[in-house]
file run-v5.csv (CSV, C-alpha atoms)
chain,number,residue,atom,x,y,z
A,1,MET,CA,-13.5,-20.2,10.3
A,2,THR,CA,-16.7,-20.9,12.3
A,3,HIS,CA,-20.0,-21.8,10.7
A,4,THR,CA,-21.1,-18.1,10.8
A,5,SER,CA,-17.9,-16.2,10.1
A,6,ILE,CA,-14.4,-16.3,8.5
A,7,ASP,CA,-11.3,-14.4,9.6
A,8,VAL,CA,-9.1,-12.3,7.2
A,9,GLU,CA,-6.3,-14.8,7.0
A,10,SER,CA,-8.6,-17.6,6.0
A,11,LEU,CA,-10.2,-15.6,3.3
A,12,ARG,CA,-6.8,-14.3,2.1
A,13,GLU,CA,-5.7,-17.9,1.7
A,14,MET,CA,-8.8,-18.9,-0.2
A,15,LEU,CA,-8.4,-16.0,-2.7
A,16,GLU,CA,-4.6,-16.7,-3.0
A,17,GLY,CA,-5.2,-20.4,-3.6
A,18,GLY,CA,-7.9,-19.7,-6.2
A,19,GLU,CA,-10.6,-21.5,-4.3
A,20,PRO,CA,-14.2,-20.9,-5.4
A,21,VAL,CA,-15.8,-18.2,-3.3
A,22,THR,CA,-18.2,-15.3,-3.8
A,23,VAL,CA,-17.2,-12.2,-1.9
A,24,LEU,CA,-20.4,-10.2,-1.4
A,25,ASP,CA,-20.0,-6.5,-0.4
A,26,VAL,CA,-23.2,-5.2,1.2
A,27,ARG,CA,-22.0,-1.6,1.9
A,28,PRO,CA,-23.4,1.6,0.3
A,29,GLU,CA,-21.9,2.5,-3.0
A,30,ASP,CA,-19.9,5.5,-1.7
A,31,GLN,CA,-18.1,3.3,0.8
A,32,ARG,CA,-17.3,0.6,-1.7
A,33,ALA,CA,-16.0,3.2,-4.2
A,34,GLU,CA,-13.3,4.2,-1.6
A,35,TRP,CA,-11.9,0.6,-1.1
A,36,ARG,CA,-13.1,-2.9,-1.7
A,37,ILE,CA,-11.9,-6.5,-1.9
A,38,PRO,CA,-10.7,-7.4,-5.5
A,39,GLY,CA,-13.2,-9.6,-7.3
A,40,SER,CA,-16.0,-8.9,-4.9
A,41,ILE,CA,-19.6,-8.3,-6.2
A,42,HIS,CA,-21.8,-5.5,-4.8
A,43,PHE,CA,-25.3,-5.6,-3.5
A,44,ASP,CA,-26.3,-2.5,-1.6
A,45,ALA,CA,-28.6,-3.8,1.1
A,46,TYR,CA,-27.0,-1.8,3.9
A,47,GLU,CA,-30.0,0.3,5.0
A,48,ALA,CA,-32.4,-2.7,4.8
A,49,LEU,CA,-30.1,-4.8,6.8
A,50,LYS,CA,-29.6,-2.2,9.5
A,51,THR,CA,-33.4,-2.1,10.0
A,52,GLN,CA,-33.4,-5.9,10.2
A,53,ASP,CA,-35.6,-6.2,7.1
A,54,PRO,CA,-36.0,-9.9,6.6
A,55,SER,CA,-36.4,-9.5,2.9
A,56,ALA,CA,-33.2,-7.4,2.5
A,57,MET,CA,-31.4,-10.2,0.5
A,58,GLU,CA,-34.3,-11.6,-1.4
A,59,ARG,CA,-33.5,-9.9,-4.7
A,60,LEU,CA,-30.0,-11.2,-4.8
A,61,ASP,CA,-29.4,-14.2,-7.2
A,62,LEU,CA,-26.4,-16.3,-6.3
A,63,PRO,CA,-25.2,-19.7,-7.3
A,64,GLY,CA,-26.1,-22.2,-4.6
A,65,ARG,CA,-22.9,-24.3,-4.5
A,66,VAL,CA,-20.3,-21.6,-4.2
A,67,PRO,CA,-19.5,-20.4,-0.6
A,68,VAL,CA,-20.4,-16.8,0.0
A,69,VAL,CA,-18.5,-14.4,2.3
A,70,THR,CA,-20.4,-11.2,3.1
A,71,VAL,CA,-18.5,-8.0,3.8
A,72,CYS,CA,-19.4,-4.6,5.4
A,73,GLY,CA,-17.4,-2.0,7.2
A,74,ALA,CA,-16.8,-3.7,10.5
A,75,GLY,CA,-18.5,-7.1,10.2
A,76,LYS,CA,-21.8,-6.4,12.0
A,77,THR,CA,-24.2,-5.7,9.1
A,78,SER,CA,-22.6,-8.4,7.0
A,79,ALA,CA,-23.3,-10.9,9.8
A,80,ILE,CA,-27.1,-10.2,9.3
A,81,ALA,CA,-26.7,-10.6,5.5
A,82,ALA,CA,-24.9,-14.0,6.0
A,83,GLU,CA,-27.7,-15.2,8.3
A,84,GLN,CA,-30.4,-14.3,5.8
A,85,LEU,CA,-28.5,-16.1,3.0
A,86,ARG,CA,-28.1,-19.2,5.2
A,87,ASP,CA,-31.8,-19.1,5.8
A,88,ARG,CA,-32.2,-19.5,2.0
A,89,GLY,CA,-30.0,-22.6,2.1
A,90,LEU,CA,-26.7,-20.9,1.0
A,91,GLN,CA,-23.3,-21.6,2.5
A,92,ALA,CA,-22.7,-18.1,3.8
A,93,VAL,CA,-20.4,-16.6,6.4
A,94,SER,CA,-19.5,-13.0,7.4
A,95,LEU,CA,-15.9,-11.6,7.3
A,96,GLU,CA,-14.8,-10.9,10.9
A,97,GLY,CA,-14.0,-7.3,11.4
A,98,GLY,CA,-15.1,-6.3,7.9
A,99,MET,CA,-13.1,-4.0,5.7
A,100,LYS,CA,-11.3,-2.5,8.7
A,101,ALA,CA,-9.8,-5.9,9.3
A,102,TRP,CA,-9.2,-6.6,5.6
A,103,SER,CA,-6.9,-3.5,5.6
A,104,LEU,CA,-4.1,-5.8,6.7
A,105,ALA,CA,-4.6,-8.6,4.2
A,106,TRP,CA,-1.8,-9.0,1.7
A,107,ASN,CA,-0.5,-10.9,-1.3
A,108,THR,CA,2.7,-11.0,-3.3
A,109,ALA,CA,4.0,-10.8,-6.8
A,110,GLU,CA,7.5,-11.5,-8.2
A,111,VAL,CA,8.9,-8.6,-10.2
A,112,PRO,CA,11.2,-9.5,-13.1
A,113,VAL,CA,14.1,-7.1,-13.4
A,114,GLU,CA,16.2,-7.9,-16.5
A,115,GLY,CA,19.9,-7.1,-16.1
A,116,SER,CA,19.8,-7.1,-12.3
A,117,ARG,CA,21.5,-9.6,-10.0
A,118,ALA,CA,18.6,-9.3,-7.6
A,119,ARG,CA,15.2,-10.8,-7.1
A,120,VAL,CA,12.3,-8.6,-6.2
A,121,VAL,CA,9.1,-9.5,-4.4
A,122,GLN,CA,6.3,-6.9,-4.3
A,123,VAL,CA,4.3,-7.2,-1.1
A,124,ARG,CA,0.8,-5.7,-1.4
A,125,ARG,CA,-1.8,-4.7,1.2
A,126,THR,CA,-4.7,-5.6,-1.0
A,127,GLY,CA,-7.3,-3.2,0.5
A,128,LYS,CA,-5.0,-0.4,1.6
A,129,GLY,CA,-3.0,-0.2,-1.6
A,130,CYS,CA,0.4,-0.1,0.2
A,131,LEU,CA,3.2,-1.6,-1.8
A,132,SER,CA,6.4,-2.7,-0.1
A,133,TYR,CA,9.4,-4.7,-1.5
A,134,ILE,CA,11.8,-7.4,-0.6
A,135,VAL,CA,15.1,-7.2,-2.6
A,136,GLU,CA,17.3,-10.3,-2.5
A,137,SER,CA,20.7,-11.2,-3.8
A,138,GLU,CA,23.0,-14.1,-2.7
A,139,GLY,CA,20.6,-14.9,0.1
A,140,GLU,CA,20.7,-11.4,1.6
A,141,ALA,CA,17.5,-9.4,1.6
A,142,VAL,CA,16.4,-5.8,2.4
A,143,VAL,CA,12.8,-4.7,2.9
A,144,ILE,CA,11.7,-1.3,1.5
A,145,ASP,CA,8.8,0.6,3.1
A,146,PRO,CA,7.4,-2.2,5.3
A,147,ALA,CA,3.7,-1.7,5.9
A,148,LEU,CA,2.8,-5.2,7.2
A,149,GLU,CA,3.5,-6.7,10.5
A,150,PRO,CA,7.0,-8.1,10.7
A,151,GLU,CA,5.8,-11.7,10.7
A,152,GLY,CA,4.6,-11.4,7.1
A,153,TYR,CA,8.1,-10.4,5.8
A,154,LEU,CA,9.8,-13.0,8.0
A,155,GLU,CA,7.4,-15.7,6.6
A,156,ILE,CA,8.2,-14.7,3.0
A,157,VAL,CA,12.0,-14.7,3.4
A,158,ASP,CA,12.0,-17.9,5.6
A,159,ASP,CA,10.0,-19.7,2.9
A,160,ARG,CA,12.7,-18.8,0.3
A,161,GLY,CA,15.7,-19.4,2.5
A,162,TRP,CA,16.7,-15.7,2.6
A,163,LYS,CA,17.9,-13.6,5.5
A,164,ILE,CA,16.9,-9.9,6.1
A,165,THR,CA,20.0,-7.8,6.4
A,166,GLY,CA,18.5,-4.3,6.3
A,167,VAL,CA,15.3,-2.3,6.3
A,168,LEU,CA,14.9,0.9,4.2
A,169,GLU,CA,12.3,3.7,4.1
A,170,THR,CA,11.7,6.1,1.2
A,171,HIS,CA,10.2,8.8,3.4
A,172,ILE,CA,8.1,9.4,6.5
A,173,HIS,CA,4.7,8.0,5.7
A,174,ALA,CA,1.3,9.7,6.3
A,175,ASP,CA,-1.3,7.1,5.4
A,176,HIS,CA,0.0,4.0,7.2
A,177,LEU,CA,2.1,3.1,10.2
A,178,SER,CA,5.6,2.2,9.4
A,179,ARG,CA,6.7,-1.3,10.7
A,180,SER,CA,10.3,-0.6,9.9
A,181,ARG,CA,11.7,-0.3,13.4
A,182,ARG,CA,9.9,-3.5,14.6
A,183,LEU,CA,11.0,-5.4,11.5
A,184,ALA,CA,14.6,-4.3,11.9
A,185,GLU,CA,14.5,-5.5,15.6
A,186,GLN,CA,12.8,-8.8,14.9
A,187,ALA,CA,15.1,-9.6,12.0
A,188,GLY,CA,18.0,-9.5,14.3
A,189,GLU,CA,18.7,-5.8,15.0
A,190,VAL,CA,19.6,-5.2,11.4
A,191,PRO,CA,20.4,-1.6,10.1
A,192,LEU,CA,17.4,0.7,9.6
A,193,TYR,CA,18.1,3.1,6.7
A,194,LEU,CA,16.1,6.3,6.5
A,195,PRO,CA,16.7,9.4,4.3
A,196,GLU,CA,18.8,12.0,6.1
A,197,GLN,CA,16.4,14.3,8.1
A,198,ASP,CA,15.7,15.6,11.6
A,199,ARG,CA,12.1,14.6,11.8
A,200,VAL,CA,12.3,11.3,13.6
A,201,SER,CA,13.3,10.8,17.2
A,202,PHE,CA,14.9,7.4,17.0
A,203,ALA,CA,18.2,6.0,15.9
A,204,PHE,CA,18.7,5.2,12.2
A,205,THR,CA,21.4,5.0,9.5
A,206,PRO,CA,21.1,8.1,7.4
A,207,VAL,CA,20.9,7.8,3.6
A,208,ARG,CA,22.2,10.7,1.5
A,209,ASN,CA,21.9,11.4,-2.2
A,210,GLU,CA,23.9,8.8,-4.2
A,211,ASN,CA,24.7,6.7,-1.2
A,212,VAL,CA,24.7,3.0,-2.1
A,213,VAL,CA,23.3,0.1,0.0
A,214,GLU,CA,24.7,-3.2,-1.0
A,215,VAL,CA,22.5,-6.3,-1.0
A,216,GLY,CA,24.6,-9.4,-1.8
A,217,ALA,CA,25.9,-8.7,-5.3
A,218,ALA,CA,23.2,-6.0,-6.0
A,219,LYS,CA,23.3,-2.3,-5.3
A,220,LEU,CA,20.6,0.2,-4.3
A,221,LYS,CA,21.6,3.8,-5.1
A,222,ALA,CA,19.8,6.5,-3.3
A,223,LEU,CA,18.4,9.4,-5.4
A,224,SER,CA,17.1,12.4,-3.4
A,225,THR,CA,13.6,13.2,-4.8
A,226,PRO,CA,12.0,15.9,-2.6
A,227,GLY,CA,8.4,16.9,-3.2
A,228,HIS,CA,6.0,14.5,-1.6
A,229,THR,CA,8.0,15.2,1.5
A,230,LEU,CA,11.3,17.1,1.7
A,231,GLU,CA,13.3,13.9,2.6
A,232,SER,CA,11.7,11.7,0.0
A,233,THR,CA,14.2,9.4,-1.6
A,234,SER,CA,14.0,6.8,-4.4
A,235,TYR,CA,16.3,3.8,-4.7
A,236,LEU,CA,17.8,2.7,-8.0
A,237,LEU,CA,18.5,-1.1,-8.2
A,238,ASP,CA,21.4,-2.0,-10.4
A,239,ASP,CA,20.5,0.9,-12.8
A,240,ARG,CA,17.4,-1.2,-13.9
A,241,ALA,CA,14.5,-0.6,-11.4
A,242,LEU,CA,13.5,2.3,-9.3
A,243,PHE,CA,11.7,2.2,-6.0
A,244,THR,CA,9.9,5.5,-6.0
A,245,GLY,CA,8.0,5.5,-2.7
A,246,ASP,CA,5.3,8.2,-3.0
A,247,THR,CA,7.2,10.4,-5.5
A,248,LEU,CA,6.0,8.7,-8.8
A,249,PHE,CA,3.2,6.2,-9.3
A,250,VAL,CA,2.2,4.2,-12.4
A,251,GLU,CA,-0.8,6.5,-12.9
A,252,GLY,CA,0.1,9.7,-11.0
A,253,VAL,CA,2.5,11.6,-8.9
A,254,GLY,CA,2.9,12.1,-5.1
A,255,ARG,CA,0.9,14.8,-3.4
A,256,PRO,CA,3.0,17.7,-1.9
A,257,ASP,CA,0.6,19.1,0.6
A,258,LEU,CA,0.4,16.8,3.6
A,259,GLU,CA,1.6,18.5,6.8
A,260,ALA,CA,2.4,21.7,4.8
A,261,SER,CA,1.1,25.3,4.8
A,262,PRO,CA,-0.1,26.8,1.5
A,263,LYS,CA,3.3,28.4,0.9
A,264,VAL,CA,5.2,25.3,1.7
A,265,LYS,CA,3.0,23.0,-0.4
A,266,ARG,CA,3.6,25.2,-3.4
A,267,SER,CA,7.4,25.1,-2.9
A,268,ARG,CA,7.2,21.3,-2.5
A,269,ALA,CA,5.2,21.0,-5.7
A,270,GLN,CA,8.0,22.9,-7.4
A,271,ALA,CA,10.5,20.6,-5.9
A,272,LEU,CA,8.5,17.6,-7.0
A,273,TYR,CA,8.5,18.8,-10.6
A,274,HIS,CA,12.3,18.9,-10.6
A,275,SER,CA,12.6,15.6,-8.9
A,276,LEU,CA,10.4,14.0,-11.5
A,277,ARG,CA,12.4,15.6,-14.3
A,278,HIS,CA,15.4,14.0,-12.9
A,279,LEU,CA,13.8,10.6,-12.8
A,280,LEU,CA,12.4,10.9,-16.3
A,281,ASP,CA,16.0,11.3,-17.5
A,282,LEU,CA,16.7,7.7,-16.6
A,283,PRO,CA,16.7,5.1,-19.4
A,284,PRO,CA,13.1,4.6,-20.7
A,285,GLU,CA,13.2,0.9,-19.9
A,286,THR,CA,13.8,1.6,-16.2
A,287,VAL,CA,11.1,-0.2,-14.2
A,288,ILE,CA,9.1,2.0,-11.8
A,289,LEU,CA,8.1,0.3,-8.6
A,290,PRO,CA,5.8,2.7,-6.6
A,291,GLY,CA,4.9,2.7,-2.9
A,292,HIS,CA,1.2,2.7,-3.5
A,293,THR,CA,-1.6,2.0,-5.9
A,294,SER,CA,-5.0,3.6,-5.8
A,295,GLU,CA,-6.9,0.4,-6.8
A,296,PRO,CA,-7.5,-2.8,-4.7
A,297,VAL,CA,-4.8,-5.3,-5.5
A,298,PRO,CA,-6.1,-8.6,-7.0
A,299,PHE,CA,-4.7,-12.0,-6.2
A,300,ASP,CA,-3.2,-12.3,-9.7
A,301,GLU,CA,0.6,-12.4,-8.9
A,302,LYS,CA,1.0,-9.6,-11.5
A,303,PRO,CA,3.3,-6.8,-10.3
A,304,ILE,CA,2.1,-3.3,-10.2
A,305,SER,CA,4.8,-1.5,-12.2
A,306,GLY,CA,5.6,0.3,-15.4
A,307,THR,CA,8.6,1.5,-17.3
A,308,ILE,CA,9.7,5.1,-17.4
A,309,ALA,CA,8.4,5.3,-21.0
A,310,GLN,CA,5.0,3.9,-20.1
A,311,VAL,CA,4.6,6.2,-17.1
A,312,ARG,CA,5.7,9.2,-19.0
A,313,GLU,CA,3.0,8.4,-21.6
A,314,GLY,CA,0.3,7.6,-19.2
A,315,VAL,CA,0.6,10.4,-16.6
A,316,GLU,CA,-0.5,13.6,-18.3
A,317,ALA,CA,1.0,15.9,-15.7
A,318,LEU,CA,4.5,14.7,-16.5
A,319,GLY,CA,4.3,16.5,-19.9
A,320,ALA,CA,3.4,19.9,-18.4
A,321,SER,CA,5.6,22.9,-17.9
A,322,GLU,CA,6.7,23.7,-14.3
A,323,ASP,CA,4.0,26.4,-13.7
A,324,ALA,CA,1.3,24.3,-15.3
A,325,PHE,CA,2.4,21.2,-13.3
A,326,VAL,CA,2.3,23.1,-10.0
A,327,GLU,CA,-1.1,24.6,-10.7
A,328,ARG,CA,-2.5,21.3,-11.9
A,329,ILE,CA,-1.3,19.4,-8.8
A,330,LEU,CA,-2.5,21.9,-6.3
A,331,GLU,CA,-5.9,22.1,-7.9
A,332,GLN,CA,-6.4,18.4,-8.0
A,333,LEU,CA,-5.5,17.4,-4.5
A,334,PRO,CA,-7.8,14.7,-3.1
A,335,PRO,CA,-9.0,14.7,0.5
A,336,ALA,CA,-6.2,14.1,3.0
A,337,PRO,CA,-5.8,10.5,4.2
A,338,SER,CA,-7.7,9.6,7.3
A,339,ASN,CA,-5.9,10.2,10.6
A,340,HIS,CA,-2.8,11.4,8.8
A,341,HIS,CA,-1.7,13.9,11.5
A,342,ARG,CA,-1.7,11.1,14.1
A,343,ILE,CA,0.0,8.6,11.8
A,344,VAL,CA,2.8,11.1,10.9
A,345,LYS,CA,3.4,11.8,14.6
A,346,LEU,CA,3.6,8.1,15.4
A,347,ASN,CA,5.9,7.5,12.5
A,348,GLU,CA,8.2,10.3,13.6
A,349,GLU,CA,8.3,8.9,17.1
A,350,GLY,CA,8.8,5.4,15.8
A,351,GLY,CA,6.1,3.8,17.9
A,352,LEU,CA,2.9,2.0,17.4
A,353,PRO,CA,-0.3,3.2,19.1
A,354,GLU,CA,-2.2,1.7,22.0
A,355,GLU,CA,-5.4,2.0,19.9
A,356,GLU,CA,-6.5,-0.6,17.4
A,357,LEU,CA,-4.3,-0.4,14.3
A,358,THR,CA,-7.1,-1.2,11.9
A,359,GLU,CA,-9.1,1.7,13.3
A,360,LEU,CA,-6.2,4.1,12.7
A,361,GLU,CA,-5.3,2.9,9.2
A,362,ALA,CA,-8.8,2.3,7.9
A,363,GLY,CA,-9.7,3.7,4.5
A,364,ALA,CA,-8.1,3.8,1.1
A,365,ASN,CA,-4.7,5.6,0.5
A,366,ARG,CA,-4.8,9.1,-1.0
A,367,CYS,CA,-1.2,9.7,-1.8
A,368,ALA,CA,-1.5,10.2,-5.6
A,369,VAL,CA,-2.6,13.1,-7.7
A,370,GLY,CA,-2.4,14.1,-11.3
call {"tool": "encode", "arguments": {"input": "run-v5.csv", "output": "structure tokens"}}
result
Amino acid sequence: MTHTSIDVESLREMLEGGEPVTVLDVRPEDQRAEWRIPGSIHFDAYEALKTQDPSAMERLDLPGRVPVVTVCGAGKTSAIAAEQLRDRGLQAVSLEGGMKAWSLAWNTAEVPVEGSRARVVQVRRTGKGCLSYIVESEGEAVVIDPALEPEGYLEIVDDRGWKITGVLETHIHADHLSRSRRLAEQAGEVPLYLPEQDRVSFAFTPVRNENVVEVGAAKLKALSTPGHTLESTSYLLDDRALFTGDTLFVEGVGRPDLEASPKVKRSRAQALYHSLRHLLDLPPETVILPGHTSEPVPFDEKPISGTIAQVREGVEALGASEDAFVERILEQLPPAPSNHHRIVKLNEEGGLPEEELTELEAGANRCAVG
């Protein structure tokens, strides 16, 4: 941190440690509605700040002793806001890189899974809503759907004395760049498991329906769940918890339309319906652990999860007939994720782009519907 700005990692550590700080979002309301920092307060001074209005922050009442971090889209307008607050005698700094940089901030939550011989850590990109998982048993660990840079996962397992022995993907992602290949390499060339398909152009260990990946004394059973994508696969941990990727969320289901023609997206919506019926046949106490959430993830160490029974009750679309489900899903599709064509292509190639990652991945995820 300098006297005028703070980097993402420093702010993440403050929030994770529960330090007193006021995060002040000065963006327009429509931008904040898309994605925001959990616990932040909003003061729309964007247009006034852009015109260098010296009175832009005058109407804002803040406690004088709590540090303030101002936030905008890329860190420029928030720097003006922080300067005006410092002129008022407040301890204010601007978040370097703004919300684009915050996209890579993360926190974790332990997930209790009764009856399993494994421990599960949910790793959350707080602004992007991406959820990935570390599953450990007897010191061995696998990572499911890594969306952070490998250093983050290696830090988590090193702190706990675990060793990564495999990396798994539930499907080819469209809203964020997969870090699975890089993580598998940096963890010691461990196996990289992907659902069987012919989309990617790099080597991997194919996972077929009902294949089992062993992690210490625990077992992850693959369940083919096409719909969001044709290769989408969920992983059942010791018959107790289900990693659903983008097939089933706590408050919705996966969208079937990305990279699909109108005819194909309808057939994928039909496939999704049958995949979900299969998952709903699991015991009602089965814990659902999705690949995304539509809300910013707070630093509360509370896992984002729900049981089959809770999700069945809370997601209205799950109670519909097949025809009604398909029509409902296709009518309610949100706008496509930003840059999804480019992201899908890169994930199929297995590479990372030359351009800035935060530019490519900026924006909230839009994988859920219903």
call {"tool": "atom_distance", "arguments": {"input": "run-v5.csv", "atom1": "CA of Thr22 in chain A", "atom2": "CA of Pro54 in chain A"}}
result
21.3 Å
call {"tool": "atom_distance", "arguments": {"input": "run-v5.csv", "atom1": "CA of Val311 in chain A", "atom2": "CA of Val250 in chain A"}}
result
5.6 Å
call {"tool": "atom_distance", "arguments": {"input": "run-v5.csv", "atom1": "CA of Pro298 in chain A", "atom2": "CA of Arg32 in chain A"}}
result
15.4 Å
call {"tool": "closest_residue", "arguments": {"input": "run-v5.csv", "among": "A:Ala45, A:Gly245, A:Leu11, A:Thr70", "to": "Asp25 in chain A", "atoms": "all atoms listed in the file"}}
result
A:Thr70
call {"tool": "residues_around", "arguments": {"input": "run-v5.csv", "residues": "Asp238 in chain A", "least_positions_apart": "2", "cutoff": "7 Å", "atoms": "only C-alpha atoms", "output": "ChimeraX atom specification"}}
result
/A:116,218-220,236,240
call {"tool": "write_last_selection", "arguments": {"input": "run-v5.csv", "atoms": "C-alpha atoms", "output": "compact mmCIF listing (two decimals), in the frame of the given file"}}
result
# COMPACT_ATOMS: atom_id res chain seq x y z
CA SER A 116 19.80 -7.10 -12.30
CA ALA A 218 23.20 -6.00 -6.00
CA LYS A 219 23.30 -2.30 -5.30
CA LEU A 220 20.60 0.20 -4.30
CA LEU A 236 17.80 2.70 -8.00
CA ARG A 240 17.40 -1.20 -13.90
call {"tool": "closest_residue", "arguments": {"input": "run-v5.csv", "among": "A:Gly216, A:Pro63, A:Gly166, A:Pro150", "to": "Phe204 in chain A", "atoms": "only C-alpha atoms"}}
result
A:Gly166
call {"tool": "closest_atom_pairs", "arguments": {"input": "run-v5.csv", "of": "range 217-290 of chain A", "to": "range 317-322 of chain A", "cutoff": "12 Å", "atoms": "all atoms listed in the file", "output": "Markdown table"}}
result
| residue | atom | partner | partner_atom | distance |
| --- | --- | --- | --- | --- |
| A:Leu248 | CA | A:Leu318 | CA | 9.9 |
| A:Phe249 | CA | A:Leu318 | CA | 11.2 |
| A:Val250 | CA | A:Leu318 | CA | 11.5 |
| A:Glu251 | CA | A:Ala317 | CA | 10.0 |
| A:Gly252 | CA | A:Ala317 | CA | 7.8 |
| A:Val253 | CA | A:Ala317 | CA | 8.2 |
| A:Gly254 | CA | A:Ala317 | CA | 11.4 |
| A:Arg266 | CA | A:Glu322 | CA | 11.4 |
| A:Ser267 | CA | A:Glu322 | CA | 11.5 |
| A:Ala269 | CA | A:Glu322 | CA | 9.1 |
| A:Gln270 | CA | A:Glu322 | CA | 7.1 |
| A:Ala271 | CA | A:Glu322 | CA | 9.7 |
| A:Leu272 | CA | A:Glu322 | CA | 9.7 |
| A:Tyr273 | CA | A:Glu322 | CA | 6.4 |
| A:His274 | CA | A:Glu322 | CA | 8.3 |
| A:Ser275 | CA | A:Leu318 | CA | 11.1 |
| A:Leu276 | CA | A:Leu318 | CA | 7.8 |
| A:Arg277 | CA | A:Leu318 | CA | 8.2 |
| A:His278 | CA | A:Leu318 | CA | 11.5 |
| A:Leu279 | CA | A:Leu318 | CA | 10.8 |
| A:Leu280 | CA | A:Leu318 | CA | 8.8 |
call {"tool": "write_last_selection", "arguments": {"input": "run-v5.csv", "atoms": "C-alpha atoms", "output": "mmCIF file, in the frame of the given file"}}
result
data_model
loop_
_atom_site.group_PDB
_atom_site.id
_atom_site.type_symbol
_atom_site.label_atom_id
_atom_site.label_comp_id
_atom_site.auth_asym_id
_atom_site.auth_seq_id
_atom_site.Cartn_x
_atom_site.Cartn_y
_atom_site.Cartn_z
ATOM 1 C CA LEU A 248 6.000 8.700 -8.800
ATOM 2 C CA PHE A 249 3.200 6.200 -9.300
ATOM 3 C CA VAL A 250 2.200 4.200 -12.400
ATOM 4 C CA GLU A 251 -0.800 6.500 -12.900
ATOM 5 C CA GLY A 252 0.100 9.700 -11.000
ATOM 6 C CA VAL A 253 2.500 11.600 -8.900
ATOM 7 C CA GLY A 254 2.900 12.100 -5.100
ATOM 8 C CA ARG A 266 3.600 25.200 -3.400
ATOM 9 C CA SER A 267 7.400 25.100 -2.900
ATOM 10 C CA ALA A 269 5.200 21.000 -5.700
ATOM 11 C CA GLN A 270 8.000 22.900 -7.400
ATOM 12 C CA ALA A 271 10.500 20.600 -5.900
ATOM 13 C CA LEU A 272 8.500 17.600 -7.000
ATOM 14 C CA TYR A 273 8.500 18.800 -10.600
ATOM 15 C CA HIS A 274 12.300 18.900 -10.600
ATOM 16 C CA SER A 275 12.600 15.600 -8.900
ATOM 17 C CA LEU A 276 10.400 14.000 -11.500
ATOM 18 C CA ARG A 277 12.400 15.600 -14.300
ATOM 19 C CA HIS A 278 15.400 14.000 -12.900
ATOM 20 C CA LEU A 279 13.800 10.600 -12.800
ATOM 21 C CA LEU A 280 12.400 10.900 -16.300
#
call {"tool": "closest_residue", "arguments": {"input": "run-v5.csv", "among": "A:Pro256, A:Gly351, A:Pro296, A:Gly75", "to": "Val369 in chain A", "atoms": "all atoms listed in the file"}}
result
A:Pro256
call {"tool": "closest_residue", "arguments": {"input": "run-v5.csv", "among": "A:Glu114, A:Glu83, A:Glu34, A:Glu140", "to": "Met57 in chain A", "atoms": "only C-alpha atoms"}}
result
A:Glu83
call {"tool": "closest_residue", "arguments": {"input": "run-v5.csv", "among": "A:Leu194, A:Ala82, A:Ala147, A:Leu333", "to": "Ser178 in chain A", "atoms": "all atoms listed in the file"}}
result
A:Ala147
call {"tool": "residues_around", "arguments": {"input": "run-v5.csv", "residues": "Leu154 in chain A", "least_positions_apart": "2", "cutoff": "9 Å", "atoms": "only C-alpha atoms", "output": "list of chain:residue names"}}
result
A:Pro150, A:Glu151, A:Gly152, A:Ile156, A:Val157, A:Asp158, A:Asp159, A:Lys163, A:Ile164, A:Leu183, A:Gln186, A:Ala187
call {"tool": "closest_residue", "arguments": {"input": "run-v5.csv", "among": "A:Lys345, A:Asp257, A:Thr51, A:Pro191", "to": "Glu331 in chain A", "atoms": "all atoms listed in the file"}}
result
A:Asp257
call {"tool": "residues_around", "arguments": {"input": "run-v5.csv", "residues": "Ser10 in chain A", "least_positions_apart": "2", "cutoff": "12 Å", "atoms": "all atoms listed in the file", "output": "JSON, numbers by chain"}}
result
{"A": [1, 2, 5, 6, 7, 8, 12, 13, 14, 15, 16, 17, 19, 21, 69, 93, 94, 95, 96, 102, 105, 106]}
call {"tool": "write_last_selection", "arguments": {"input": "run-v5.csv", "atoms": "C-alpha atoms", "output": "compact mmCIF listing (two decimals), keeping the file's coordinate frame"}}
result
# COMPACT_ATOMS: atom_id res chain seq x y z
CA MET A 1 -13.50 -20.20 10.30
CA THR A 2 -16.70 -20.90 12.30
CA SER A 5 -17.90 -16.20 10.10
CA ILE A 6 -14.40 -16.30 8.50
CA ASP A 7 -11.30 -14.40 9.60
CA VAL A 8 -9.10 -12.30 7.20
CA ARG A 12 -6.80 -14.30 2.10
CA GLU A 13 -5.70 -17.90 1.70
CA MET A 14 -8.80 -18.90 -0.20
CA LEU A 15 -8.40 -16.00 -2.70
CA GLU A 16 -4.60 -16.70 -3.00
CA GLY A 17 -5.20 -20.40 -3.60
CA GLU A 19 -10.60 -21.50 -4.30
CA VAL A 21 -15.80 -18.20 -3.30
CA VAL A 69 -18.50 -14.40 2.30
CA VAL A 93 -20.40 -16.60 6.40
CA SER A 94 -19.50 -13.00 7.40
CA LEU A 95 -15.90 -11.60 7.30
CA GLU A 96 -14.80 -10.90 10.90
CA TRP A 102 -9.20 -6.60 5.60
CA ALA A 105 -4.60 -8.60 4.20
CA TRP A 106 -1.80 -9.00 1.70
call {"tool": "residues_near_point", "arguments": {"input": "run-v5.csv", "point": "(0.0, 1.9, 15.9)", "cutoff": "12 Å", "atoms": "only C-alpha atoms", "output": "ChimeraX atom specification"}}
result
/A:147-149,175-179,182,339,342-362
call {"tool": "residues_around", "arguments": {"input": "run-v5.csv", "residues": "Tyr235 in chain A", "least_positions_apart": "2", "cutoff": "10 Å", "atoms": "all atoms listed in the file", "output": "VMD selection string"}}
result
chain A and resid 144 168 to 170 209 to 213 219 to 225 233 237 to 239 241 to 245 289
call {"tool": "residues_around", "arguments": {"input": "run-v5.csv", "residues": "Pro334 in chain A", "least_positions_apart": "5", "cutoff": "9 Å", "atoms": "all atoms listed in the file", "output": "CSV table (one decimal) with C-alpha atoms, keeping the file's coordinate frame"}}
result
chain,number,residue,atom,x,y,z
A,255,ARG,CA,0.9,14.8,-3.4
A,366,ARG,CA,-4.8,9.1,-1.0
A,367,CYS,CA,-1.2,9.7,-1.8
A,368,ALA,CA,-1.5,10.2,-5.6
A,369,VAL,CA,-2.6,13.1,-7.7
